[in-house]
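A.B. asks: Below is the file entry_33.txt, with compact mmCIF, C-alpha atoms.
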# COMPACT_ATOMS: atom_id res chain seq x y z
CA MET A 854 -17.66 -18.69 -4.86
CA ARG A 855 -15.32 -17.05 -2.39
CA ILE A 856 -12.81 -14.36 -3.37
CA THR A 857 -10.12 -16.32 -1.50
CA ASP A 858 -10.66 -19.21 -3.90
CA HIS A 859 -9.93 -17.11 -6.99
CA PHE A 860 -8.82 -13.48 -7.00
CA ALA A 861 -7.19 -13.47 -3.54
CA ALA A 862 -5.93 -17.04 -3.25
CA SER A 863 -2.35 -15.77 -2.90
CA ARG A 864 -1.89 -12.86 -0.50
CA GLY A 865 0.46 -11.58 2.15
CA LEU A 866 0.03 -9.22 5.07
CA TYR A 867 2.71 -6.53 5.29
CA SER A 868 2.79 -5.28 8.87
CA GLY A 869 3.21 -1.58 9.54
CA PRO A 870 6.91 -0.88 10.10
CA VAL A 871 6.19 1.10 13.30
CA ALA A 872 3.21 1.57 15.59
CA GLY A 873 0.59 3.83 14.05
CA MET A 874 1.37 2.89 10.45
CA PRO A 875 -1.22 0.80 8.60
CA ASP A 876 -0.80 -2.80 7.55
CA ILE A 877 -1.07 -3.64 3.86
CA MET A 878 -2.68 -6.76 2.48
CA LEU A 879 -1.07 -7.42 -0.88
CA ILE A 880 -2.92 -9.77 -3.20
CA ASP A 881 -0.98 -11.51 -5.97
CA VAL A 882 -3.70 -11.46 -8.60
CA PRO A 883 -3.99 -14.54 -10.87
CA ALA A 884 -3.04 -14.05 -14.53
CA GLY A 885 -6.68 -14.04 -15.68
CA PHE A 886 -7.35 -10.94 -13.56
CA ALA A 887 -3.94 -9.23 -13.79
CA GLY A 888 -3.31 -6.21 -15.98
CA VAL A 889 -1.33 -3.03 -16.56
CA SER A 890 -3.50 -1.02 -14.15
CA LEU A 891 -2.14 -3.05 -11.21
CA PRO A 892 1.25 -2.43 -9.58
CA LEU A 893 3.86 -4.58 -11.35
CA GLY A 894 0.94 -5.82 -13.46
CA ARG A 895 -0.34 -8.23 -10.82
CA TYR A 896 -0.53 -6.89 -7.25
CA TYR A 897 -3.56 -5.41 -5.51
CA PRO A 898 -2.71 -3.50 -2.30
CA ILE A 899 -5.28 -2.94 0.45
CA ILE A 900 -4.48 -0.47 3.25
CA LEU A 901 -5.71 -1.56 6.68
CA GLU A 902 -5.66 0.90 9.59
CA SER A 903 -6.80 -1.45 12.35
CA ALA A 904 -7.23 -5.06 13.42
CA GLU A 905 -10.98 -4.56 12.96
CA GLU A 906 -10.43 -3.64 9.31
CA LEU A 907 -8.28 -6.75 8.80
CA SER A 908 -11.08 -8.86 10.28
CA GLU A 909 -13.63 -7.09 8.07
CA LEU A 910 -11.47 -7.77 5.00
CA GLU A 911 -11.01 -11.46 5.85
CA THR A 912 -14.78 -11.82 6.34
CA PHE A 913 -15.36 -10.12 2.97
CA LEU A 914 -12.82 -12.37 1.21
CA GLU A 915 -14.24 -15.57 2.74
CA ALA A 916 -17.92 -14.77 2.10
CA GLN A 917 -19.80 -16.98 -0.33
CA ARG A 918 -21.15 -14.98 -3.28
CA ASP A 919 -22.66 -15.58 -6.69
CA GLU A 920 -20.06 -13.59 -8.58
CA LEU A 921 -16.58 -12.24 -8.04
CA ALA A 922 -16.34 -8.83 -6.31
CA LEU A 923 -13.26 -6.66 -6.06
CA PRO A 924 -12.01 -6.26 -2.48
CA ASP A 925 -12.13 -2.46 -2.77
CA LEU A 926 -14.14 -1.86 0.41
CA PHE A 927 -11.42 0.39 1.89
CA ASP A 928 -10.23 2.24 -1.25
CA ARG A 929 -12.42 5.27 -0.67
CA ARG A 930 -13.17 4.86 3.02
CA PRO A 931 -11.80 7.99 4.68
CA SER A 932 -8.67 7.46 6.72
CA LYS A 933 -8.74 8.06 10.45
CA VAL A 934 -5.13 9.27 10.23
CA VAL A 935 -4.14 12.92 10.10
CA SER A 936 -0.65 13.56 8.82
CA GLU A 937 1.13 16.84 9.55
CA CYS A 938 4.06 16.00 7.26
CA VAL A 939 4.77 13.67 4.37
CA VAL A 940 5.56 10.21 5.71
CA ILE A 941 7.52 7.77 3.54
CA ALA A 942 7.50 4.21 4.90
CA ARG A 943 9.19 1.02 3.75
CA TYR A 944 7.43 -2.31 4.01
CA ARG A 945 9.56 -5.46 3.82
CA PRO A 946 8.23 -8.35 1.73
CA ALA A 947 5.68 -10.40 3.63
CA LEU A 948 6.75 -13.61 1.89
CA PRO A 949 9.92 -14.83 0.15
CA ASP A 950 10.25 -13.49 -3.40
CA TRP A 951 7.45 -10.98 -2.89
CA PRO A 952 7.89 -7.28 -3.71
CA TRP A 953 8.71 -4.36 -1.46
CA VAL A 954 6.07 -1.72 -0.74
CA LEU A 955 6.58 2.01 -0.33
CA LEU A 956 3.66 3.75 1.36
CA CYS A 957 3.36 7.52 1.61
CA GLN A 958 0.98 9.45 3.85
CA TRP A 959 0.25 12.92 2.52
CA PRO A 960 -0.98 15.92 4.52
CA GLU A 961 -4.18 17.57 3.40
CA ALA A 962 -2.17 20.51 1.99
CA TYR A 963 -0.87 18.07 -0.68
CA THR A 964 -3.98 15.95 -1.25
CA MET A 965 -6.10 19.07 -1.85
CA LEU A 966 -3.91 19.95 -4.85
CA ALA A 967 -5.19 16.95 -6.82
CA PRO A 968 -8.65 17.15 -8.35
CA PRO A 969 -10.98 14.60 -6.71
CA GLU A 970 -11.73 12.94 -10.05
CA ALA A 971 -8.01 12.10 -10.41
CA ASP A 972 -8.47 9.49 -7.64
CA LEU A 973 -4.79 9.63 -6.70
CA PHE A 974 -5.00 8.94 -2.96
CA ALA A 975 -6.24 5.73 -1.39
CA ARG A 976 -8.46 6.56 1.55
CA GLY A 977 -7.87 10.25 0.80
CA LEU A 978 -4.35 10.12 2.25
CA TYR A 979 -2.10 7.37 0.90
CA THR A 980 -0.12 6.50 -2.18
CA VAL A 981 1.38 3.04 -2.61
CA GLU A 982 4.21 1.86 -4.82
CA VAL A 983 4.99 -1.83 -5.24
CA LEU A 984 8.60 -2.44 -6.26
CA PRO A 985 10.39 -5.65 -7.22
CA CYS A 986 13.48 -5.15 -5.05
CA ARG A 987 14.92 -3.07 -2.21
CA ASN A 988 17.25 -1.15 -4.55
CA ASP A 989 14.28 0.02 -6.64
CA LEU A 990 12.53 1.06 -3.43
CA ILE A 991 15.56 3.08 -2.28
CA GLY A 992 15.74 4.74 -5.70
CA MET A 993 12.06 5.72 -5.47
CA GLU A 994 12.60 7.10 -1.96
CA ASN A 995 15.56 9.16 -3.14
CA ARG A 996 13.51 10.66 -5.98
CA LEU A 997 10.68 11.51 -3.58
CA ARG A 998 13.06 13.09 -1.06
CA ALA A 999 14.67 15.18 -3.83
CA MET A 1000 11.24 16.39 -4.97
CA LEU A 1001 10.26 17.25 -1.39
CA MET A 1002 13.56 18.88 -0.42
CA GLY A 1003 13.00 21.60 2.14
CA ARG A 1004 9.58 20.22 3.13
CA GLN A 1005 8.77 18.56 6.42
CA LEU A 1006 9.29 14.84 5.89
CA ARG A 1007 9.37 11.72 8.05
CA HIS A 1008 11.10 8.61 6.75
CA ILE A 1009 10.41 5.20 8.23
CA SER A 1010 13.07 2.68 7.23
CA ASP A 1011 12.92 -1.09 7.23
CA GLY A 1012 15.71 -1.18 9.80
CA ALA A 1013 18.28 -2.80 7.50
CA PRO A 1014 21.64 -1.04 6.99
CA GLU A 1015 21.97 1.17 3.95
CA ILE A 1016 24.69 -0.78 2.17
CA GLY A 1017 26.97 1.48 0.15
CA GLN A 1018 25.44 4.69 1.51
CA ALA A 1019 27.68 7.22 3.27
Represent the structure from my file as structure tokens, please.
C.D. replies:
Amino acid sequence: MRITDHFAASRGLYSGPVAGMPDIMLIDVPAGFAGVSLPLGRYYPIILESAEELSELETFLEAQRDELALPDLFDRRPSKVVSECVVIARYRPALPDWPWVLLCQWPEAYTMLAPPEADLFARGLYTVEVLPCRNDLIGMENRLRAMLMGRQLRHISDGAPEIGQA
């Protein structure tokens, strides 16, 4: 069996919104594998920092195997990125009717505050939120910015106008 035939049959690549930001492969997990531990109950995000990692992931997903394996090969792989400030980045849906993604890069000063066993940061650096619509994404961003008020922060927008915002 191949993972692309079952677990990852439906997936979309969310390109980094600016150079230097990772891409995100978002898998729409079939109902038999979905559950409350996944974002929106059904999505499995994979953070990819290079074209080589995308190729490695595609090879992993296409490989014939005797039993299903989770595509978690990058979850705990250390990031090559060093972030000096909190970066909040919007990712537009890769496909029609797919969710929005909010990716945050956290400096080591923040990631060190969490105990390692909490397993809060993908690749030791990132958090990912998958949201059903742009308005929910903007609301999440606003809550994050309010919590981080006075801290060094970089916001990467999706480029669309902020309708109704002054």
A.B. asks: Quick one: which segment 861-883 of chain A residues come within 12 Å of segment 924-930 of chain A, and what is the nearest atom pair for each with the distance in Å to one decimal, counting all atoms listed in the file, rows ordered by chain and ascending number, as CSV?
C.D. replies:
residue,atom,partner,partner_atom,distance
A:Ala861,CA,A:Pro924,CA,8.7
A:Ile877,CA,A:Phe927,CA,11.3
A:Met878,CA,A:Pro924,CA,10.6
A:Leu879,CA,A:Pro924,CA,11.1
A:Ile880,CA,A:Pro924,CA,9.8
A:Val882,CA,A:Pro924,CA,11.6
A.B. asks: So the first atom is atom CA of Ser863 of chain A and the second is atom CA of Asp881 of chain A; what is the distance between them in Å, to one decimal place?
C.D. replies: 5.4 Å
A.B. asks: What is the atom CA of Asn988 of chain A to atom CA of Val889 of chain A distance in Å?
C.D. replies: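 Between atom CA of Asn988 of chain A and atom CA of Val889 of chain A the gap is 22.2 Å.
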A.B. asks: What does the structure give for the distance between atom CA of Pro969 of chain A and atom CA of Ser932 of chain A, in Å to one decimal?
C.D. replies: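 Between these atoms lies a distance of 15.4 Å.
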A.B. asks: Looking at all atoms listed in the file, which of A:Ala947, A:Leu990, A:Met874, A:Val954 is the one that sits closest to Val934 of chain A?
C.D. replies: A:Met874
A.B. asks: Given all atoms listed in the file as the basis, pick out the residue of A:Tyr963, A:Ile941, A:Trp951, A:Val935 nearest to Leu997 of chain A.
C.D. replies: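 Answer, going by the shortest atom-to-atom distance: A:Ile941.
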A.B. asks: Find, counting all atoms listed in the file, the residue in A:Pro946, A:Tyr979, A:Met965, A:Thr912 that gets nearest to Lys933 of chain A.
C.D. replies: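 Closest to Lys933 of chain A of all the choices is A:Tyr979.
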A.B. asks: In terms of the shortest atom-to-atom distance over all atoms listed in the file, which of A:Tyr944, A:Phe913, A:Tyr897, A:Phe860 is closest to Ser1010 of chain A?
C.D. replies: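 Result for the nearest residue to Ser1010 of chain A: A:Tyr944.
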A.B. asks: Excluding same-chain residues fewer than 3 positions from Pro952 of chain A, what lies within 10 Å of it counting only C-alpha atoms, as a list in words?
C.D. replies: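 With the cut-off at 10 Å, the set is Leu879, Leu893, Tyr896, Tyr944, Arg945, Pro946, Ala947, Leu948, Pro949, Leu955, Glu982, Val983, Leu984, Pro985, Cys986, Arg987 and Leu990 of chain A.
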A.B. asks: Taking into account only C-alpha atoms, which residue in the set A:Glu902, A:Asp950, A:Asp858, A:Asp876 is nearest to Arg918 of chain A?
C.D. replies: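 Ranking A:Glu902, A:Asp950, A:Asp858, A:Asp876 by distance to Arg918 of chain A, first place goes to A:Asp858.
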A.B. asks: Using N, CA and C atoms, give me segment 914-934 of chain A from the structure I just pasted, as a short mmCIF file (atom, residue, chain, number, x, y, z; two decimals), in the first residue's frame.
C.D. replies:
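decode.cif, freshly written:
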data_model
loop_
_atom_site.label_atom_id
_atom_site.label_comp_id
_atom_site.auth_asym_id
_atom_site.auth_seq_id
_atom_site.Cartn_x
_atom_site.Cartn_y
_atom_site.Cartn_z
N LEU A 914 5.52 9.37 0.73
CA LEU A 914 4.09 9.12 0.52
C LEU A 914 3.83 8.10 -0.58
N GLU A 915 4.69 8.07 -1.59
CA GLU A 915 4.50 7.18 -2.74
C GLU A 915 5.10 5.79 -2.54
N ALA A 916 5.91 5.61 -1.51
CA ALA A 916 6.60 4.33 -1.30
C ALA A 916 5.61 3.21 -0.99
N GLN A 917 5.86 2.06 -1.58
CA GLN A 917 5.07 0.87 -1.26
C GLN A 917 5.49 0.37 0.13
N ARG A 918 4.51 0.01 0.94
CA ARG A 918 4.80 -0.50 2.28
C ARG A 918 3.74 -1.51 2.67
N ASP A 919 4.05 -2.31 3.67
CA ASP A 919 3.13 -3.35 4.13
C ASP A 919 2.00 -2.81 4.99
N GLU A 920 2.28 -1.72 5.70
CA GLU A 920 1.24 -1.14 6.55
C GLU A 920 1.34 0.38 6.51
N LEU A 921 0.24 1.01 6.88
CA LEU A 921 0.17 2.46 6.85
C LEU A 921 1.16 3.06 7.85
N ALA A 922 1.82 4.14 7.47
CA ALA A 922 2.74 4.87 8.36
C ALA A 922 2.35 6.34 8.32
N LEU A 923 2.37 6.97 9.48
CA LEU A 923 2.08 8.41 9.52
C LEU A 923 3.22 9.18 8.84
N PRO A 924 2.88 10.21 8.10
CA PRO A 924 3.92 11.02 7.45
C PRO A 924 4.51 12.06 8.41
N ASP A 925 5.02 11.59 9.53
CA ASP A 925 5.52 12.50 10.57
C ASP A 925 7.04 12.66 10.53
N LEU A 926 7.65 12.41 9.37
CA LEU A 926 9.10 12.43 9.28
C LEU A 926 9.73 13.79 9.57
N PHE A 927 8.96 14.88 9.50
CA PHE A 927 9.52 16.21 9.77
C PHE A 927 9.08 16.79 11.11
N ASP A 928 8.13 16.16 11.79
CA ASP A 928 7.56 16.73 13.02
C ASP A 928 8.62 17.14 14.04
N ARG A 929 9.59 16.29 14.23
CA ARG A 929 10.61 16.56 15.25
C ARG A 929 12.00 16.83 14.67
N ARG A 930 12.07 16.90 13.35
CA ARG A 930 13.34 17.25 12.71
C ARG A 930 13.62 18.71 13.03
N PRO A 931 14.78 19.01 13.58
CA PRO A 931 15.07 20.41 13.93
C PRO A 931 15.00 21.33 12.71
N SER A 932 14.43 22.49 12.94
CA SER A 932 14.35 23.50 11.88
C SER A 932 15.72 24.08 11.61
N LYS A 933 15.93 24.50 10.38
CA LYS A 933 17.16 25.20 10.01
C LYS A 933 16.99 26.71 10.19
N VAL A 934 15.77 27.13 10.53
CA VAL A 934 15.44 28.54 10.67
C VAL A 934 15.75 29.03 12.08
#
